[in-house]
Amino acid sequence: MIINNEKNDSSENFFNTTLLISNKSLFPAVKYLKKRFNILYNDEIEKNNVLPSVTGLLSSGYDLVDKSFLDRLPNLKVISHFASGLDSIDVDEVKKRNIVVLNTPNAVVNDTADLAMAFILNLSRRFFINHRFVENGLWRKHVYPLSHSVTNKCVGIVGLGKIGKAIAKRCSAFNMNIHYWGRTNQKISNYTFHNNLSEMSKKVDFLVISCAGNEQTKGIIDENILANLQSTAYVINVARGFIIKQDALIISLQNNQIAGAGLDVFEDEPNVPHVFFQMKNVLLQPHAGSATEETRNIMFHQVSKHLINFYSTH
(Lines give C-alpha, C1' and ligand atoms only; values in the text may rest on other atoms or scores of the structure.)
Protein backbone atom coordinates (compact mmCIF):
# COMPACT_ATOMS: atom_id res chain seq x y z
CA MET A 1 0.00 0.00 0.00
CA ILE A 2 1.47 3.34 -1.06
CA ILE A 3 0.53 6.66 0.41
CA ASN A 4 0.41 9.49 -2.08
CA ASN A 5 3.26 11.58 -0.72
CA GLU A 6 2.91 14.34 -3.28
CA LYS A 7 -0.61 15.53 -2.57
CA ASN A 8 -0.99 17.80 0.45
CA ASP A 9 2.77 17.60 0.90
CA SER A 10 4.33 20.12 3.23
CA SER A 11 7.89 21.37 3.51
CA GLU A 12 7.43 21.72 7.27
CA ASN A 13 9.68 19.41 9.21
CA PHE A 14 9.78 18.43 12.90
CA PHE A 15 13.13 16.72 13.25
CA ASN A 16 13.40 17.84 16.87
CA THR A 17 10.20 15.90 17.57
CA THR A 18 10.39 12.19 18.35
CA LEU A 19 7.57 9.79 17.51
CA LEU A 20 7.28 6.28 18.90
CA ILE A 21 5.85 3.69 16.51
CA SER A 22 4.09 0.91 18.39
CA ASN A 23 4.75 -1.81 15.79
CA LYS A 24 6.26 -2.18 12.33
CA SER A 25 2.99 -3.05 10.62
CA LEU A 26 2.46 0.74 10.59
CA PHE A 27 5.41 1.21 8.23
CA PRO A 28 3.33 2.56 5.30
CA ALA A 29 2.52 5.58 7.47
CA VAL A 30 6.09 5.79 8.76
CA LYS A 31 7.40 6.11 5.21
CA TYR A 32 5.62 9.44 5.13
CA LEU A 33 6.45 10.54 8.68
CA LYS A 34 10.17 9.75 8.60
CA LYS A 35 10.68 12.67 6.22
CA ARG A 36 9.60 15.03 8.97
CA PHE A 37 10.13 13.42 12.39
CA ASN A 38 12.67 11.49 14.40
CA ILE A 39 11.33 7.92 14.52
CA LEU A 40 11.68 5.23 17.20
CA TYR A 41 10.20 1.72 17.03
CA ASN A 42 8.84 0.24 20.23
CA ASP A 43 10.11 -3.28 19.46
CA GLU A 44 13.68 -1.97 19.10
CA ILE A 45 13.72 -0.51 22.61
CA GLU A 46 14.10 -2.36 25.90
CA LYS A 47 10.65 -3.06 27.31
CA ASN A 48 10.77 -0.85 30.41
CA ASN A 49 12.82 2.03 29.04
CA VAL A 50 11.46 5.48 29.85
CA LEU A 51 11.47 7.73 26.77
CA PRO A 52 11.23 11.38 27.81
CA SER A 53 12.05 12.59 24.29
CA VAL A 54 8.90 11.01 22.81
CA THR A 55 5.97 13.42 22.47
CA GLY A 56 3.95 11.59 19.81
CA LEU A 57 2.76 7.98 19.49
CA LEU A 58 1.55 6.12 16.43
CA SER A 59 -0.38 3.07 17.65
CA SER A 60 -2.68 0.39 16.30
CA GLY A 61 -5.70 -1.41 17.72
CA TYR A 62 -3.48 -4.40 18.51
CA ASP A 63 -1.29 -2.40 20.90
CA LEU A 64 -2.19 -1.98 24.55
CA VAL A 65 -1.70 1.62 25.63
CA ASP A 66 -2.26 1.35 29.37
CA LYS A 67 -0.90 3.16 32.42
CA SER A 68 2.37 1.23 32.49
CA PHE A 69 2.97 1.97 28.82
CA LEU A 70 2.12 5.66 29.28
CA ASP A 71 4.46 5.86 32.29
CA ARG A 72 7.30 5.21 29.86
CA LEU A 73 6.27 8.31 27.89
CA PRO A 74 6.12 11.12 30.48
CA ASN A 75 6.03 13.89 27.88
CA LEU A 76 3.53 12.35 25.48
CA LYS A 77 1.21 14.93 23.89
CA VAL A 78 -0.63 13.10 21.12
CA ILE A 79 -1.64 9.59 20.05
CA SER A 80 -2.52 8.93 16.43
CA HIS A 81 -4.40 5.63 16.54
CA PHE A 82 -4.69 3.34 13.52
CA ALA A 83 -8.17 2.04 14.39
CA SER A 84 -11.77 3.04 14.78
CA GLY A 85 -12.26 1.85 18.37
CA LEU A 86 -10.27 2.99 21.38
CA ASP A 87 -10.69 -0.15 23.50
CA SER A 88 -6.93 -0.86 23.47
CA ILE A 89 -6.26 2.57 25.00
CA ASP A 90 -6.79 3.46 28.67
CA VAL A 91 -8.95 6.45 27.82
CA ASP A 92 -9.32 7.59 31.45
CA GLU A 93 -5.57 7.61 31.96
CA VAL A 94 -5.06 9.49 28.71
CA LYS A 95 -7.57 12.14 29.80
CA LYS A 96 -5.79 12.59 33.14
CA ARG A 97 -2.58 13.33 31.26
CA ASN A 98 -4.26 15.69 28.76
CA ILE A 99 -3.06 13.61 25.81
CA VAL A 100 -4.86 14.20 22.52
CA VAL A 101 -6.13 11.03 20.82
CA LEU A 102 -6.90 10.99 17.09
CA ASN A 103 -8.30 7.86 15.43
CA THR A 104 -9.79 6.78 12.09
CA PRO A 105 -13.51 6.02 12.69
CA ASN A 106 -14.96 7.12 9.37
CA ALA A 107 -12.50 5.22 7.18
CA VAL A 108 -13.68 1.76 8.26
CA VAL A 109 -17.45 2.25 7.92
CA ASN A 110 -18.21 0.93 4.44
CA ASP A 111 -15.85 -2.04 4.41
CA THR A 112 -17.03 -3.20 7.83
CA ALA A 113 -20.65 -2.92 6.71
CA ASP A 114 -19.81 -4.86 3.55
CA LEU A 115 -18.31 -7.64 5.65
CA ALA A 116 -21.42 -7.83 7.82
CA MET A 117 -23.58 -8.09 4.70
CA ALA A 118 -21.27 -10.75 3.29
CA PHE A 119 -21.74 -12.79 6.48
CA ILE A 120 -25.53 -12.48 6.15
CA LEU A 121 -25.51 -13.64 2.53
CA ASN A 122 -22.91 -16.38 2.98
CA LEU A 123 -24.59 -17.89 6.02
CA SER A 124 -28.16 -17.74 4.71
CA ARG A 125 -27.28 -19.00 1.22
CA ARG A 126 -24.74 -21.58 2.48
CA PHE A 127 -21.95 -20.41 0.15
CA PHE A 128 -19.12 -22.11 2.00
CA ILE A 129 -21.03 -25.35 2.60
CA ASN A 130 -22.17 -25.51 -1.02
CA HIS A 131 -18.66 -24.74 -2.22
CA ARG A 132 -17.42 -27.78 -0.33
CA PHE A 133 -20.33 -29.83 -1.69
CA VAL A 134 -19.26 -29.08 -5.27
CA GLU A 135 -15.55 -29.41 -4.48
CA ASN A 136 -16.08 -32.87 -2.99
CA GLY A 137 -17.86 -34.10 -6.11
CA LEU A 138 -21.23 -34.60 -4.41
CA TRP A 139 -23.33 -32.64 -6.91
CA ARG A 140 -25.98 -34.90 -8.49
CA LYS A 141 -24.85 -37.71 -6.16
CA HIS A 142 -26.40 -36.38 -2.97
CA VAL A 143 -29.18 -33.93 -2.18
CA TYR A 144 -28.07 -30.79 -0.40
CA PRO A 145 -30.33 -28.88 2.02
CA LEU A 146 -31.99 -25.76 0.67
CA SER A 147 -30.68 -22.42 1.84
CA HIS A 148 -32.73 -19.44 3.04
CA SER A 149 -33.71 -16.19 1.37
CA VAL A 150 -32.84 -12.90 3.08
CA THR A 151 -35.82 -11.11 1.52
CA ASN A 152 -38.32 -10.02 4.19
CA LYS A 153 -36.11 -11.40 6.95
CA CYS A 154 -35.58 -9.37 10.12
CA VAL A 155 -32.15 -8.05 11.05
CA GLY A 156 -31.52 -6.75 14.56
CA ILE A 157 -28.59 -4.33 14.70
CA VAL A 158 -26.89 -3.87 18.07
CA GLY A 159 -25.67 -0.28 17.91
CA LEU A 160 -26.94 2.02 15.18
CA GLY A 161 -23.90 4.24 14.83
CA LYS A 162 -22.18 4.98 11.53
CA ILE A 163 -21.35 1.34 10.87
CA GLY A 164 -24.77 0.17 12.07
CA LYS A 165 -26.49 2.63 9.73
CA ALA A 166 -24.33 1.46 6.82
CA ILE A 167 -25.28 -2.15 7.57
CA ALA A 168 -28.96 -1.19 7.79
CA LYS A 169 -28.73 0.56 4.42
CA ARG A 170 -27.35 -2.56 2.80
CA CYS A 171 -29.94 -4.78 4.44
CA SER A 172 -32.71 -2.44 3.29
CA ALA A 173 -31.50 -2.87 -0.29
CA PHE A 174 -32.20 -6.60 0.14
CA ASN A 175 -35.73 -5.83 1.38
CA MET A 176 -34.95 -6.87 4.93
CA ASN A 177 -36.79 -5.47 7.96
CA ILE A 178 -34.57 -3.30 10.15
CA HIS A 179 -34.73 -3.45 13.93
CA TYR A 180 -32.11 -1.90 16.19
CA TRP A 181 -31.09 -1.50 19.81
CA GLY A 182 -29.10 1.45 21.11
CA ARG A 183 -28.95 4.23 23.64
CA THR A 184 -31.57 6.38 21.93
CA ASN A 185 -34.48 6.12 19.55
CA GLN A 186 -33.21 7.77 16.39
CA LYS A 187 -36.72 7.85 14.92
CA ILE A 188 -35.69 6.67 11.47
CA SER A 189 -38.56 5.91 9.12
CA ASN A 190 -39.18 2.17 8.60
CA TYR A 191 -36.65 1.21 11.30
CA THR A 192 -37.95 -0.30 14.56
CA PHE A 193 -36.23 0.84 17.76
CA HIS A 194 -35.94 -1.42 20.83
CA ASN A 195 -34.83 -0.22 24.24
CA ASN A 196 -34.75 -3.82 25.42
CA LEU A 197 -32.09 -5.98 23.77
CA SER A 198 -33.59 -9.17 25.14
CA GLU A 199 -36.95 -8.44 23.55
CA MET A 200 -35.40 -7.53 20.20
CA SER A 201 -33.46 -10.79 20.11
CA LYS A 202 -36.72 -12.75 20.12
CA LYS A 203 -37.82 -11.18 16.84
CA VAL A 204 -34.77 -11.26 14.59
CA ASP A 205 -33.37 -13.68 12.02
CA PHE A 206 -29.93 -12.04 12.15
CA LEU A 207 -28.42 -10.41 15.23
CA VAL A 208 -25.64 -8.12 13.98
CA ILE A 209 -23.28 -6.56 16.52
CA SER A 210 -21.80 -3.24 15.41
CA CYS A 211 -21.71 -1.21 18.64
CA ALA A 212 -18.64 0.33 20.25
CA GLY A 213 -16.58 -1.96 22.44
CA ASN A 214 -16.31 -0.62 25.98
CA GLU A 215 -17.15 -1.48 29.59
CA GLN A 216 -20.83 -0.76 28.97
CA THR A 217 -21.09 -3.23 26.09
CA LYS A 218 -18.77 -5.94 27.44
CA GLY A 219 -20.63 -9.25 27.55
CA ILE A 220 -24.03 -7.81 26.64
CA ILE A 221 -24.64 -10.71 24.25
CA ASP A 222 -24.91 -13.31 26.99
CA GLU A 223 -26.66 -16.61 27.68
CA ASN A 224 -30.04 -14.93 28.02
CA ILE A 225 -29.82 -13.04 24.74
CA LEU A 226 -28.65 -16.14 22.89
CA ALA A 227 -31.41 -18.24 24.46
CA ASN A 228 -34.01 -15.76 23.21
CA LEU A 229 -32.92 -16.11 19.60
CA GLN A 230 -34.87 -18.37 17.31
CA SER A 231 -33.22 -21.67 16.36
CA THR A 232 -33.06 -20.36 12.77
CA ALA A 233 -31.25 -17.14 13.74
CA TYR A 234 -27.64 -16.20 13.08
CA VAL A 235 -25.24 -14.09 15.17
CA ILE A 236 -22.82 -11.81 13.34
CA ASN A 237 -20.09 -9.83 15.10
CA VAL A 238 -18.07 -7.13 13.32
CA ALA A 239 -17.48 -5.03 16.44
CA ARG A 240 -15.36 -6.43 19.30
CA GLY A 241 -15.04 -10.01 20.48
CA PHE A 242 -15.69 -9.29 24.14
CA ILE A 243 -19.18 -7.94 23.41
CA ILE A 244 -20.29 -11.58 23.11
CA LYS A 245 -19.71 -14.05 25.92
CA GLN A 246 -17.73 -16.43 23.74
CA ASP A 247 -18.23 -19.55 25.86
CA ALA A 248 -21.99 -18.97 25.86
CA LEU A 249 -21.95 -18.61 22.07
CA ILE A 250 -20.05 -21.88 21.70
CA ILE A 251 -22.57 -23.72 23.86
CA SER A 252 -25.45 -22.19 21.93
CA LEU A 253 -23.94 -23.37 18.63
CA GLN A 254 -23.11 -26.84 19.95
CA ASN A 255 -26.67 -27.29 21.21
CA ASN A 256 -28.18 -26.01 17.94
CA GLN A 257 -29.93 -23.23 19.82
CA ILE A 258 -29.06 -20.94 16.90
CA ALA A 259 -28.42 -21.62 13.21
CA GLY A 260 -24.88 -20.30 13.00
CA ALA A 261 -22.51 -17.37 13.37
CA GLY A 262 -20.25 -15.05 11.38
CA LEU A 263 -17.34 -13.82 13.48
CA ASP A 264 -14.72 -11.26 12.54
CA VAL A 265 -13.58 -10.64 16.13
CA PHE A 266 -12.79 -12.77 19.16
CA GLU A 267 -12.19 -12.44 22.90
CA ASP A 268 -8.46 -13.19 22.81
CA GLU A 269 -7.18 -12.32 19.36
CA PRO A 270 -5.44 -13.86 17.51
CA ASN A 271 -6.36 -16.96 19.52
CA VAL A 272 -9.54 -18.53 18.18
CA PRO A 273 -11.18 -21.49 19.95
CA HIS A 274 -10.53 -24.59 17.86
CA VAL A 275 -14.09 -25.76 18.37
CA PHE A 276 -15.18 -23.13 15.84
CA PHE A 277 -13.08 -24.84 13.17
CA GLN A 278 -15.23 -27.96 13.33
CA MET A 279 -18.53 -26.09 12.95
CA LYS A 280 -19.89 -26.01 9.41
CA ASN A 281 -22.32 -23.24 10.30
CA VAL A 282 -19.65 -20.79 11.49
CA LEU A 283 -17.69 -18.41 9.25
CA LEU A 284 -14.49 -16.84 10.61
CA GLN A 285 -12.47 -13.80 9.57
CA PRO A 286 -9.17 -12.48 11.03
CA HIS A 287 -10.52 -9.10 12.26
CA ALA A 288 -10.68 -8.05 8.63
CA GLY A 289 -13.48 -5.48 8.67
CA SER A 290 -11.26 -2.70 7.32
CA ALA A 291 -8.80 -4.96 5.52
CA THR A 292 -9.02 -3.70 1.96
CA GLU A 293 -6.26 -1.99 0.02
CA GLU A 294 -8.37 1.13 -0.39
CA THR A 295 -9.38 1.58 3.23
CA ARG A 296 -6.01 0.72 4.73
CA ASN A 297 -4.37 3.25 2.41
CA ILE A 298 -6.80 5.90 3.61
CA MET A 299 -6.10 4.98 7.24
CA PHE A 300 -2.32 5.15 6.82
CA HIS A 301 -2.72 8.54 5.23
CA GLN A 302 -5.03 9.76 8.00
CA VAL A 303 -2.84 8.74 10.92
CA SER A 304 0.21 10.39 9.39
CA LYS A 305 -1.69 13.60 8.61
CA HIS A 306 -3.10 13.66 12.15
CA LEU A 307 0.43 13.96 13.51
CA ILE A 308 1.62 16.49 10.95
CA ASN A 309 -1.43 18.68 11.53
CA PHE A 310 -1.10 18.40 15.32
CA TYR A 311 2.51 19.53 15.36
CA SER A 312 1.79 22.24 12.83
CA THR A 313 -0.67 23.84 15.26
CA HIS A 314 0.90 23.12 18.67
# chains A, B, ... in the order shown; residues from 1 in each chain; ligands from 1

$ select_by_dssp --residues "stretch 63-221 of chain A" --states "helix (DSSP H, G or I)" --output "number ranges by chain"
A: 67-71, 91-96, 106-125, 127-135, 162-173, 197-201

$ residues_around --residues "A:Ala29" --least-positions-apart "4" --cutoff "7 Å" --atoms "only C-alpha atoms" --output "VMD selection string"
chain A and resid 33 300 to 301 304

$ write_last_selection --atoms "N, CA and C atoms" --output "PDB file, in the first residue's frame"
ATOM      1  N   LEU A  33       6.063   9.770   7.495  1.00  0.00           N
ATOM      2  CA  LEU A  33       6.446  10.535   8.680  1.00  0.00           C
ATOM      3  C   LEU A  33       7.951  10.680   8.839  1.00  0.00           C
ATOM      4  N   PHE A 300      -3.733   4.795   6.682  1.00  0.00           N
ATOM      5  CA  PHE A 300      -2.325   5.152   6.816  1.00  0.00           C
ATOM      6  C   PHE A 300      -2.126   6.642   6.537  1.00  0.00           C
ATOM      7  N   HIS A 301      -2.828   7.128   5.544  1.00  0.00           N
ATOM      8  CA  HIS A 301      -2.723   8.545   5.227  1.00  0.00           C
ATOM      9  C   HIS A 301      -3.271   9.395   6.372  1.00  0.00           C
ATOM     10  N   SER A 304      -0.982   9.564   9.601  1.00  0.00           N
ATOM     11  CA  SER A 304       0.208  10.393   9.391  1.00  0.00           C
ATOM     12  C   SER A 304      -0.158  11.869   9.346  1.00  0.00           C
TER      13      SER A 304
END

$ closest_residue --among "A:Asn228, A:Thr217, A:Thr151, A:Asn122" --to "A:Asp87" --atoms "only C-alpha atoms"
A:Thr217

$ atom_distance --atom1 "atom CA of A:Leu226" --atom2 "atom CA of A:Leu249"
7.2 Å

$ residues_around --residues "stretch 235-248 of chain A" --least-positions-apart "6" --cutoff "8 Å" --atoms "only C-alpha atoms" --output "VMD selection string"
chain A and resid 112 115 to 116 119 to 120 206 to 213 217 to 223 226 260 to 268 287 289

$ atom_distance --atom1 "atom CA of A:Ser252" --atom2 "atom CA of A:Ser201"
14.0 Å
